[in-house]
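One file, my_file_29.tsv, is given below (TSV, C-alpha atoms).
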```
chain	number	residue	atom	x	y	z
A	278	MET	CA	153.23	-170.36	222.08
A	279	ALA	CA	156.02	-168.40	223.78
A	280	ALA	CA	157.44	-169.98	226.91
A	281	TRP	CA	156.50	-166.95	229.04
A	282	LEU	CA	152.91	-167.08	227.78
A	283	GLN	CA	152.65	-170.76	228.62
A	284	ARG	CA	153.84	-170.07	232.15
A	285	LEU	CA	151.44	-167.14	232.40
A	286	THR	CA	148.49	-169.27	231.24
A	287	LEU	CA	149.31	-171.93	233.83
A	288	VAL	CA	149.67	-169.38	236.63
A	289	LEU	CA	146.39	-167.67	235.73
A	290	ALA	CA	144.58	-170.99	235.67
A	291	VAL	CA	145.82	-171.75	239.18
A	292	VAL	CA	144.95	-168.24	240.38
A	293	ALA	CA	141.45	-168.44	238.90
A	294	CYS	CA	140.92	-171.80	240.60
A	295	CYS	CA	142.17	-170.46	243.93
A	296	PHE	CA	139.98	-167.38	243.59
A	297	HIS	CA	136.91	-169.50	242.96
A	298	ASN	CA	137.59	-171.59	246.06
A	299	ALA	CA	138.52	-168.57	248.17
A	300	ALA	CA	135.35	-166.67	247.37
A	301	ALA	CA	133.36	-169.47	249.01
A	302	LYS	CA	135.41	-169.32	252.18
A	303	ALA	CA	135.41	-165.86	253.68
A	304	ARG	CA	134.71	-162.19	253.12
A	305	LEU	CA	136.38	-159.10	254.50
A	306	THR	CA	134.65	-155.81	253.78
A	307	PRO	CA	135.17	-152.18	254.81
A	308	HIS	CA	132.18	-150.20	256.09
A	309	TYR	CA	132.01	-146.41	256.31
A	310	ASN	CA	129.50	-144.09	258.00
A	311	VAL	CA	126.88	-146.81	258.37
A	312	ALA	CA	124.84	-144.85	260.94
A	313	ASP	CA	125.05	-141.94	263.34
A	314	ASN	CA	127.51	-142.28	266.20
A	315	THR	CA	129.31	-145.31	264.75
A	316	TYR	CA	132.92	-146.03	263.81
A	317	ASN	CA	134.15	-147.06	260.39
A	318	PHE	CA	135.11	-150.72	260.57
A	319	TRP	CA	136.25	-153.89	258.88
A	320	LEU	CA	133.82	-156.81	258.91
A	321	TYR	CA	135.09	-160.36	258.48
A	322	LEU	CA	132.59	-163.12	257.75
A	323	PRO	CA	134.05	-166.62	258.21
A	324	GLU	CA	133.71	-169.69	256.06
A	325	ASN	CA	130.12	-170.95	255.78
A	326	TYR	CA	128.72	-167.82	257.42
A	327	GLU	CA	125.74	-167.87	255.06
A	328	GLN	CA	124.76	-171.23	256.55
A	329	THR	CA	125.44	-170.41	260.22
A	330	GLN	CA	124.65	-166.66	260.53
A	331	GLY	CA	122.91	-166.23	263.89
A	332	ASN	CA	124.88	-169.13	265.37
A	333	THR	CA	128.24	-167.54	264.53
A	334	PRO	CA	130.27	-166.04	267.42
A	335	LEU	CA	131.50	-162.45	267.14
A	336	ILE	CA	134.87	-160.99	268.08
A	337	LEU	CA	135.24	-157.25	268.54
A	338	PHE	CA	138.83	-155.98	268.18
A	339	LEU	CA	139.81	-152.56	269.51
A	340	HIS	CA	143.19	-151.32	268.25
A	341	GLY	CA	145.83	-149.17	269.94
A	342	ALA	CA	146.66	-145.49	269.50
A	343	SER	CA	149.15	-146.03	266.65
A	344	LEU	CA	146.33	-147.17	264.33
A	345	CYS	CA	144.03	-144.20	264.94
A	346	GLY	CA	143.08	-142.06	261.97
A	347	ARG	CA	140.94	-142.34	258.87
A	348	ASN	CA	142.86	-144.88	256.81
A	349	LEU	CA	140.96	-148.07	257.57
A	350	ASN	CA	143.76	-150.20	256.13
A	351	SER	CA	145.85	-149.30	259.17
A	352	VAL	CA	143.55	-151.41	261.34
A	353	LYS	CA	144.80	-154.53	259.57
A	354	ARG	CA	148.37	-153.96	260.73
A	355	TYR	CA	147.91	-156.32	263.71
A	356	GLY	CA	145.12	-158.11	265.52
A	357	PRO	CA	142.52	-160.74	264.57
A	358	ILE	CA	142.01	-159.41	261.02
A	359	ASP	CA	145.74	-159.62	260.36
A	360	ALA	CA	145.80	-163.06	261.98
A	361	VAL	CA	143.13	-164.26	259.55
A	362	GLU	CA	145.06	-162.83	256.62
A	363	GLU	CA	148.19	-164.55	257.88
A	364	GLY	CA	146.35	-167.88	257.93
A	365	ARG	CA	144.88	-168.28	261.41
A	366	LYS	CA	141.45	-169.90	261.06
A	367	ILE	CA	138.96	-168.01	263.22
A	368	ASP	CA	135.37	-169.22	262.96
A	369	ALA	CA	133.75	-165.98	264.01
A	370	VAL	CA	132.43	-162.72	262.68
A	371	ILE	CA	135.18	-160.17	263.37
A	372	VAL	CA	134.43	-156.47	263.75
A	373	ALA	CA	137.49	-154.21	263.74
A	374	PRO	CA	136.50	-150.53	264.01
A	375	GLN	CA	138.88	-147.59	263.66
A	376	CYS	CA	139.03	-144.83	266.25
A	377	PRO	CA	139.83	-141.49	264.58
A	378	GLY	CA	141.51	-140.37	267.81
A	379	GLY	CA	140.77	-139.41	271.38
A	380	GLY	CA	140.19	-142.89	272.77
A	381	TRP	CA	137.39	-145.43	272.48
A	382	LYS	CA	133.86	-144.43	273.47
A	383	PRO	CA	131.89	-147.49	274.73
A	384	GLU	CA	128.54	-146.09	273.55
A	385	LYS	CA	129.87	-145.51	270.03
A	386	VAL	CA	131.39	-149.00	269.91
A	387	HIS	CA	128.05	-150.41	271.04
A	388	ALA	CA	126.16	-148.48	268.34
A	389	THR	CA	128.54	-149.96	265.75
A	390	LEU	CA	127.85	-153.50	266.97
A	391	GLU	CA	124.11	-152.82	267.00
A	392	TRP	CA	124.28	-151.94	263.30
A	393	VAL	CA	126.21	-155.13	262.59
A	394	LYS	CA	123.63	-157.14	264.53
A	395	GLN	CA	120.80	-155.75	262.40
A	396	ASN	CA	122.60	-156.38	259.11
A	397	PHE	CA	124.86	-159.39	259.74
A	398	PRO	CA	123.29	-161.64	262.40
A	399	TYR	CA	125.58	-163.27	264.94
A	400	ASN	CA	125.23	-165.29	268.13
A	401	GLN	CA	124.42	-162.70	270.78
A	402	GLN	CA	125.29	-165.16	273.53
A	403	ARG	CA	128.87	-165.47	272.25
A	404	VAL	CA	130.29	-161.96	271.85
A	405	TYR	CA	133.98	-161.51	272.73
A	406	VAL	CA	136.08	-158.35	273.03
A	407	VAL	CA	139.87	-158.11	272.71
A	408	GLY	CA	142.16	-155.11	272.61
A	409	MET	CA	145.68	-153.91	273.32
A	410	SER	CA	147.20	-150.66	274.59
A	411	MET	CA	144.58	-147.95	273.94
A	412	GLY	CA	142.48	-150.90	272.79
A	413	GLY	CA	143.11	-152.50	276.17
A	414	TYR	CA	141.58	-149.44	277.80
A	415	GLY	CA	138.73	-149.60	275.30
A	416	THR	CA	138.15	-153.31	275.97
A	417	ILE	CA	138.05	-152.83	279.74
A	418	ASP	CA	135.76	-149.80	279.45
A	419	TYR	CA	133.43	-151.52	276.97
A	420	CYS	CA	133.19	-154.79	278.87
A	421	ALA	CA	132.67	-152.99	282.18
A	422	THR	CA	129.85	-150.97	280.62
A	423	TYR	CA	128.19	-153.80	278.67
A	424	TYR	CA	129.24	-156.80	280.79
A	425	TYR	CA	125.79	-158.33	280.36
A	426	GLU	CA	126.30	-158.55	276.58
A	427	VAL	CA	129.90	-159.85	276.46
A	428	ALA	CA	130.66	-163.54	277.02
A	429	ALA	CA	134.39	-162.95	277.70
A	430	GLY	CA	137.04	-160.28	277.20
A	431	ILE	CA	140.83	-159.91	277.05
A	432	GLY	CA	142.31	-156.53	277.92
A	433	MET	CA	146.05	-156.30	277.21
A	434	CYS	CA	148.60	-153.71	278.41
A	435	GLY	CA	145.89	-151.17	279.12
A	436	GLY	CA	143.92	-149.72	281.99
A	437	ALA	CA	140.54	-148.08	282.45
A	438	TYR	CA	138.93	-144.68	282.01
A	439	VAL	CA	135.55	-145.65	283.45
A	440	SER	CA	135.00	-145.25	287.18
A	441	ALA	CA	136.19	-147.77	289.75
A	442	GLU	CA	132.55	-148.59	290.46
A	443	THR	CA	131.91	-149.37	286.78
A	444	GLN	CA	135.08	-151.48	286.63
A	445	GLN	CA	133.61	-153.70	289.35
A	446	ASN	CA	131.07	-154.92	286.79
A	447	LEU	CA	133.91	-156.96	285.26
A	448	ALA	CA	133.62	-159.27	288.27
A	449	GLN	CA	130.36	-160.54	286.77
A	450	MET	CA	131.97	-161.93	283.58
A	451	PRO	CA	135.04	-163.95	282.55
A	452	PHE	CA	137.79	-161.40	281.97
A	453	TRP	CA	141.51	-161.83	281.30
A	454	LEU	CA	144.06	-159.12	282.05
A	455	ILE	CA	147.43	-159.52	280.28
A	456	HIS	CA	150.36	-157.14	280.79
A	457	GLY	CA	154.14	-157.21	280.48
A	458	THR	CA	156.02	-156.50	283.69
A	459	ALA	CA	158.60	-154.38	281.83
A	460	ASP	CA	156.05	-152.29	279.91
A	461	ARG	CA	157.23	-148.66	279.93
A	462	ALA	CA	154.53	-147.27	277.62
A	463	VAL	CA	151.60	-148.32	279.83
A	464	ARG	CA	152.91	-149.51	283.15
A	465	ILE	CA	151.54	-152.72	284.62
A	466	ASP	CA	150.18	-150.69	287.54
A	467	GLU	CA	147.32	-149.64	285.25
A	468	SER	CA	146.15	-153.24	284.86
A	469	LYS	CA	146.71	-153.91	288.55
A	470	LYS	CA	144.43	-151.00	289.45
A	471	VAL	CA	141.71	-152.68	287.40
A	472	GLU	CA	142.48	-155.98	289.12
A	473	ALA	CA	142.12	-154.33	292.54
A	474	ASN	CA	138.78	-152.79	291.61
A	475	ILE	CA	137.46	-156.14	290.39
A	476	LEU	CA	138.63	-157.89	293.56
A	477	ALA	CA	136.83	-155.22	295.59
A	478	ALA	CA	133.50	-156.01	293.91
A	479	PRO	CA	130.87	-157.95	295.90
A	480	GLU	CA	131.35	-160.90	293.51
A	481	GLY	CA	135.12	-160.94	294.12
A	482	GLY	CA	137.66	-162.15	291.58
A	483	SER	CA	136.46	-165.67	290.82
A	484	ARG	CA	135.87	-164.77	287.17
A	485	LEU	CA	139.08	-162.75	286.75
A	486	LYS	CA	142.18	-164.21	285.15
A	487	THR	CA	145.52	-162.36	285.17
A	488	THR	CA	148.75	-163.02	283.29
A	489	TRP	CA	151.78	-160.88	284.01
A	490	LEU	CA	154.39	-161.59	281.30
A	491	GLN	CA	157.70	-161.55	283.16
A	492	GLY	CA	160.12	-159.19	281.39
A	493	GLY	CA	157.57	-158.45	278.69
A	494	ASN	CA	157.54	-154.97	277.15
A	495	HIS	CA	154.58	-153.06	275.73
A	496	GLY	CA	154.54	-155.05	272.50
A	497	ALA	CA	154.94	-158.46	274.13
A	498	PRO	CA	151.20	-159.33	274.29
A	499	ALA	CA	150.70	-158.68	270.55
A	500	ARG	CA	151.24	-162.35	269.69
A	501	VAL	CA	148.18	-163.24	271.75
A	502	PHE	CA	146.11	-162.21	268.72
A	503	TYR	CA	147.82	-164.91	266.63
A	504	HIS	CA	147.84	-167.79	269.10
A	505	ARG	CA	145.21	-170.48	268.64
A	506	ASP	CA	144.70	-170.79	272.42
A	507	THR	CA	143.39	-167.24	272.48
A	508	TYR	CA	140.38	-168.21	270.42
A	509	SER	CA	139.92	-171.56	272.14
A	510	TRP	CA	139.71	-169.67	275.45
A	511	LEU	CA	137.28	-167.07	274.14
A	512	PHE	CA	134.98	-169.60	272.46
A	513	SER	CA	134.80	-171.70	275.64
A	514	HIS	CA	132.59	-169.02	277.21
A	515	SER	CA	128.96	-168.10	276.65
A	516	LEU	CA	126.37	-165.88	278.29
A	517	ASN	CA	124.35	-169.10	278.69
A	518	ASP	CA	126.97	-170.66	280.98
A	519	ASP	CA	125.61	-171.45	284.42
A	520	ASN	CA	127.16	-168.87	286.81
A	521	ARG	CA	129.52	-167.81	283.98
A	522	PRO	CA	132.79	-169.35	285.29
A	523	VAL	CA	136.14	-168.36	283.78
A	524	ASN	CA	138.18	-171.00	281.94
A	525	ARG	CA	141.55	-171.36	283.65
A	526	ASP	CA	142.89	-174.12	281.40
A	527	TYR	CA	144.92	-171.70	279.27
A	528	ASP	CA	147.76	-169.32	280.00
A	529	PHE	CA	150.64	-167.57	278.24
A	530	THR	CA	154.29	-166.91	278.91
A	531	LEU	CA	156.78	-165.07	276.70
A	532	ALA	CA	158.13	-168.47	275.68
A	533	SER	CA	154.73	-169.92	274.76
A	534	LEU	CA	153.82	-166.82	272.76
A	535	ARG	CA	156.84	-167.41	270.53
A	536	GLY	CA	154.87	-170.31	269.07
A	537	ALA	CA	151.91	-168.12	268.14
A	538	TYR	CA	152.55	-168.49	264.41
A	539	ASN	CA	152.84	-172.27	264.48
A	540	SER	CA	150.22	-174.27	262.58
A	541	MET	CA	149.18	-171.33	260.42
A	542	PRO	CA	147.44	-172.85	257.39
A	543	ARG	CA	148.87	-172.21	253.95
A	544	GLY	CA	147.02	-171.37	250.76
A	545	VAL	CA	144.34	-168.73	250.24
A	546	VAL	CA	143.82	-166.91	253.52
A	547	SER	CA	141.48	-164.04	252.76
A	548	VAL	CA	139.03	-162.59	250.31
A	549	VAL	CA	138.14	-158.90	250.41
A	550	ASN	CA	135.09	-157.61	248.57
A	551	SER	CA	134.53	-153.88	248.13
A	552	SER	CA	132.59	-151.58	245.85
A	553	LYS	CA	135.62	-151.36	243.57
A	554	GLY	CA	136.60	-154.99	243.36
A	555	THR	CA	137.85	-158.02	245.22
A	556	VAL	CA	141.12	-158.65	247.03
A	557	VAL	CA	142.47	-162.19	247.40
A	558	LYS	CA	145.68	-162.77	249.34
A	559	PHE	CA	147.72	-165.92	248.83
A	560	THR	CA	150.48	-167.59	250.83
A	561	ASP	CA	150.83	-170.58	248.54
A	562	THR	CA	154.37	-171.89	248.68
A	563	ASP	CA	153.97	-173.55	245.28
A	564	PHE	CA	154.49	-170.18	243.65
A	565	ASP	CA	158.01	-168.99	243.03
A	566	GLY	CA	158.82	-165.36	242.39
A	567	ASP	CA	161.21	-166.43	239.62
A	568	GLU	CA	158.23	-167.62	237.57
A	569	PHE	CA	157.12	-164.01	237.17
A	570	GLU	CA	160.41	-162.39	236.15
A	571	ASN	CA	159.67	-162.04	232.43
A	572	ILE	CA	155.89	-161.67	232.50
A	573	THR	CA	154.30	-158.46	231.25
A	574	TYR	CA	150.86	-157.67	232.63
A	575	ASP	CA	149.70	-155.33	229.89
A	576	ASP	CA	147.48	-158.03	228.36
A	577	ILE	CA	145.69	-159.05	231.52
A	578	ASP	CA	142.43	-157.56	232.70
A	579	PHE	CA	142.73	-156.69	236.38
A	580	ASP	CA	140.15	-155.05	238.57
A	581	ALA	CA	140.80	-153.07	241.72
A	582	GLY	CA	142.36	-155.35	244.32
A	583	GLU	CA	145.33	-157.66	244.36
A	584	PHE	CA	146.58	-161.20	244.34
A	585	VAL	CA	149.80	-161.86	246.19
A	586	PRO	CA	151.45	-165.30	245.89
A	587	ALA	CA	154.23	-165.93	248.41
A	588	GLY	CA	157.59	-165.17	246.86
A	589	PHE	CA	156.01	-162.67	244.51
A	590	ASP	CA	158.41	-159.73	244.50
A	591	ASP	CA	156.76	-156.31	244.69
A	592	ASP	CA	159.42	-155.06	242.27
A	593	VAL	CA	158.03	-157.34	239.57
A	594	LEU	CA	154.68	-155.60	239.75
A	595	ASP	CA	156.25	-152.16	240.04
A	596	ASN	CA	158.26	-152.81	236.86
A	597	ASN	CA	155.49	-154.36	234.82
A	598	ALA	CA	152.17	-152.89	235.85
A	599	THR	CA	150.64	-149.73	237.21
A	600	SER	CA	148.13	-151.40	239.49
A	601	ARG	CA	147.59	-154.70	241.25
A	602	GLY	CA	144.42	-156.70	240.92
A	603	VAL	CA	142.46	-159.89	240.96
A	604	LEU	CA	142.14	-161.63	237.63
A	605	ASN	CA	138.93	-160.74	235.86
A	606	THR	CA	137.96	-163.97	234.11
A	607	SER	CA	135.91	-162.13	231.48
A	608	GLY	CA	138.95	-161.96	229.24
A	609	MET	CA	142.47	-160.67	228.70
A	610	LYS	CA	142.36	-156.95	228.06
A	611	LYS	CA	144.54	-154.21	229.48
A	612	VAL	CA	145.34	-153.24	233.04
A	613	LYS	CA	142.74	-150.97	234.59
A	614	GLN	CA	143.80	-148.27	236.99
A	615	ALA	CA	142.10	-148.42	240.37
A	616	GLU	CA	140.57	-145.15	241.49
A	617	SER	CA	142.47	-143.23	244.12
A	618	HIS	CA	139.99	-143.91	246.90
A	619	ASP	CA	140.02	-147.69	246.40
A	620	ALA	CA	141.52	-149.69	249.24
A	621	GLY	CA	143.84	-151.54	246.87
A	622	THR	CA	145.20	-148.29	245.45
A	623	GLU	CA	145.71	-146.82	248.91
A	624	ARG	CA	147.74	-149.89	249.78
A	625	ASN	CA	149.83	-149.52	246.63
A	626	GLU	CA	150.49	-145.86	247.32
A	627	ALA	CA	151.62	-146.75	250.82
A	628	ARG	CA	154.01	-149.33	249.41
A	629	LYS	CA	155.41	-146.89	246.88
A	630	LYS	CA	155.92	-144.37	249.66
A	631	GLU	CA	157.71	-147.01	251.69
A	632	LYS	CA	160.02	-147.82	248.79
A	633	SER	CA	160.83	-144.14	248.29
A	634	THR	CA	161.77	-143.78	251.95
A	635	LYS	CA	165.35	-144.59	252.85
A	636	ALA	CA	165.55	-147.81	254.87
A	637	LYS	CA	166.52	-147.42	258.50
A	638	THR	CA	167.87	-149.84	261.06
A	639	VAL	CA	166.86	-150.51	264.65
A	640	THR	CA	168.56	-152.30	267.51
A	641	VAL	CA	166.89	-155.26	269.21
A	642	ARG	CA	166.24	-154.54	272.88
A	643	SER	CA	165.63	-156.85	275.81
A	644	GLY	CA	162.23	-158.53	275.53
A	645	ASP	CA	161.73	-157.50	271.88
A	646	THR	CA	159.81	-159.72	269.47
A	647	LEU	CA	159.43	-159.34	265.72
A	648	SER	CA	155.83	-158.31	266.28
A	649	ALA	CA	156.80	-155.65	268.84
A	650	ILE	CA	159.52	-154.23	266.58
A	651	ALA	CA	157.17	-154.16	263.59
A	652	HIS	CA	154.42	-152.47	265.61
A	653	ARG	CA	156.84	-149.90	267.05
A	654	ASN	CA	158.17	-148.96	263.62
A	655	GLY	CA	154.92	-148.90	261.65
A	656	THR	CA	155.59	-151.98	259.53
A	657	THR	CA	154.53	-155.64	259.48
A	658	VAL	CA	156.23	-158.82	260.62
A	659	GLU	CA	156.12	-160.08	257.04
A	660	ARG	CA	158.02	-157.04	255.71
A	661	LEU	CA	160.44	-157.12	258.62
A	662	CYS	CA	161.25	-160.77	257.95
A	663	ARG	CA	161.59	-160.16	254.22
A	664	ALA	CA	163.92	-157.20	254.68
A	665	ASN	CA	166.20	-159.17	257.00
A	666	GLY	CA	165.93	-162.69	255.60
A	667	LEU	CA	164.30	-163.99	258.79
A	668	SER	CA	161.57	-166.52	259.49
A	669	ARG	CA	158.65	-165.69	261.78
A	670	ASN	CA	160.09	-167.97	264.46
A	671	ALA	CA	163.59	-166.50	264.29
A	672	THR	CA	165.38	-165.96	267.60
A	673	LEU	CA	166.48	-162.36	268.12
A	674	SER	CA	169.62	-161.31	269.98
A	675	ILE	CA	169.91	-158.19	272.10
A	676	GLY	CA	171.93	-155.63	270.12
A	677	GLN	CA	171.07	-157.23	266.77
A	678	ARG	CA	170.50	-154.68	264.00
A	679	LEU	CA	167.39	-155.04	261.81
A	680	LYS	CA	166.52	-153.17	258.65
A	681	ILE	CA	163.15	-151.43	258.57
A	682	LYS	CA	161.53	-150.73	255.22
```

Whole structure given in structure tokens:
Amino acid sequence: MAAWLQRLTLVLAVVACCFHNAAAKARLTPHYNVADNTYNFWLYLPENYEQTQGNTPLILFLHGASLCGRNLNSVKRYGPIDAVEEGRKIDAVIVAPQCPGGGWKPEKVHATLEWVKQNFPYNQQRVYVVGMSMGGYGTIDYCATYYYEVAAGIGMCGGAYVSAETQQNLAQMPFWLIHGTADRAVRIDESKKVEANILAAPEGGSRLKTTWLQGGNHGAPARVFYHRDTYSWLFSHSLNDDNRPVNRDYDFTLASLRGAYNSMPRGVVSVVNSSKGTVVKFTDTDFDGDEFENITYDDIDFDAGEFVPAGFDDDVLDNNATSRGVLNTSGMKKVKQAESHDAGTERNEARKKEKSTKAKTVTVRSGDTLSAIAHRNGTTVERLCRANGLSRNATLSIGQRLKIK
């Protein structure tokens, strides 16, 4: 047997084993037009959901303006879904809708969650809402409107569109406002207006928690989505809590948020099932991109989707195959093209477009983080690190030039 075929056989055996184990762990599925007056959304079901179902907490994530549109894959650029795919273990149902534009409508968000409740049971006493920027506005508006259904919320670098009177409802639930003091996109005054309205409520501010990140810009709070304390704080609250007190045992600073990516598990981190196939993402450090240099994929049967071992160079796939996919264990046939509307194909087309676009460079500004730079330039931290040979915990210097792909 040729050396390359032996290596291929070994790799496929490992991938098949990982896929089998991953499929039992979690599912991430896109949902479109499920009912009238609902948003399209991603639904993440955690490990052992089939056993826990109605006892499983739910996290609702509302994205910012840059992710608006009709390409649902954009919603995975940052937030809890991306955190799960990066390895953060979150034992909750996660609903991540996409706003086509014009801002979040609380009633439409609520109708989306109602559909989820009817089709994927969750613990209605433990519903949590998080959002940033436009999603911060959406989180504040939603929680103020449906405060009696939300156990706790975190509104970051946003404000409110609902009336001051409606905002006062936030005084009846644990709510955390987070904003950078140097935010020039949405000034901290917007969050402080919400704070003032809550403090003016008959209940006062005993359930309000505020964190003003000193020197933090608009992107500074983004790492909150990846920090384990975020989820520990959320899960410590329930609608069943006597008098619903806020947990004040946790807080963030710019320095503490730099450790958001610490303790991320390695190995298989997500499984995506769709009508066209299954997507499994890997971050297994046992794989080495060099192992794939001379492998041709023409004899492998792939279905729509992808498997991505760490160190696996996109160029290898671009040179050897016309689509990416999860191994179909039914046999070794030829590569199947994914249809144009498949999520995996959309992702590939986006990558090809990125490769065809001339790389640009940006200058690191005061208060910048890798996450903020990636968000500002429509890329991901992973790609930013790969393009510049950086680790996620790299220290940035003001004036440093970074390549953006």

At what distance in Å, to one decimal, does atom CA of A:Cys662 lie from atom CA of A:Val639? 13.5 Å

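Each of A:Ala312, A:Ile371, A:Cys420, A:Val427 was compared to A:Asn517 using only C-alpha atoms, and A:Val427 turns out to be the nearest.
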
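Atom pair atom CA of A:Thr487 / atom CA of A:Leu344: separated by 25.8 Å.
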
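Residue nearest A:Ala671 within the list A:Gly413, A:Pro334, A:Gly536, A:Pro398: A:Gly536 [criterion: smallest interatomic distance, all atoms listed in the file].
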
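When only C-alpha atoms are used to measure the gap to A:Ala462, the shortest distance among A:Cys434, A:Ile681, A:Ala532, A:Ile367 belongs to A:Cys434.
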
For a quick check of your reading of the model, name the residues lying within 10 Å of the coordinate (148.3, -152.6, 275.3), counting all atoms listed in the file, and write them as a count of residues only. 30

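When the distance limit is 10 Å and only C-alpha atoms are what count, the residues near A:Asn539, minus those fewer than 3 positions from it on the same chain, are Arg365, Tyr503, His504, Arg505, Leu534, Arg535, Gly536, Pro542, Arg669 and Asn670 of chain A.
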
List every protein, DNA or RNA residue with an atom no more than 10 Å from (126.1, -150.9, 262.0) in the file's coordinates, counting all atoms listed in the file, and format the result as a list in words. His308, Tyr309, Asn310, Val311, Ala312, Asp313, Asn314, Thr315, Tyr316, Asn317, Phe318, Val386, His387, Ala388, Thr389, Leu390, Glu391, Trp392, Val393, Lys394, Gln395, Asn396 and Phe397 of chain A

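Reported to one decimal place, the separation of atom CA of A:Ser509 from atom CA of A:Gly482 is 21.7 Å.
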
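Each of A:Ser440, A:Tyr538, A:Leu511, A:Trp453 was compared to A:Gly364 using all atoms listed in the file, and A:Tyr538 turns out to be the nearest.
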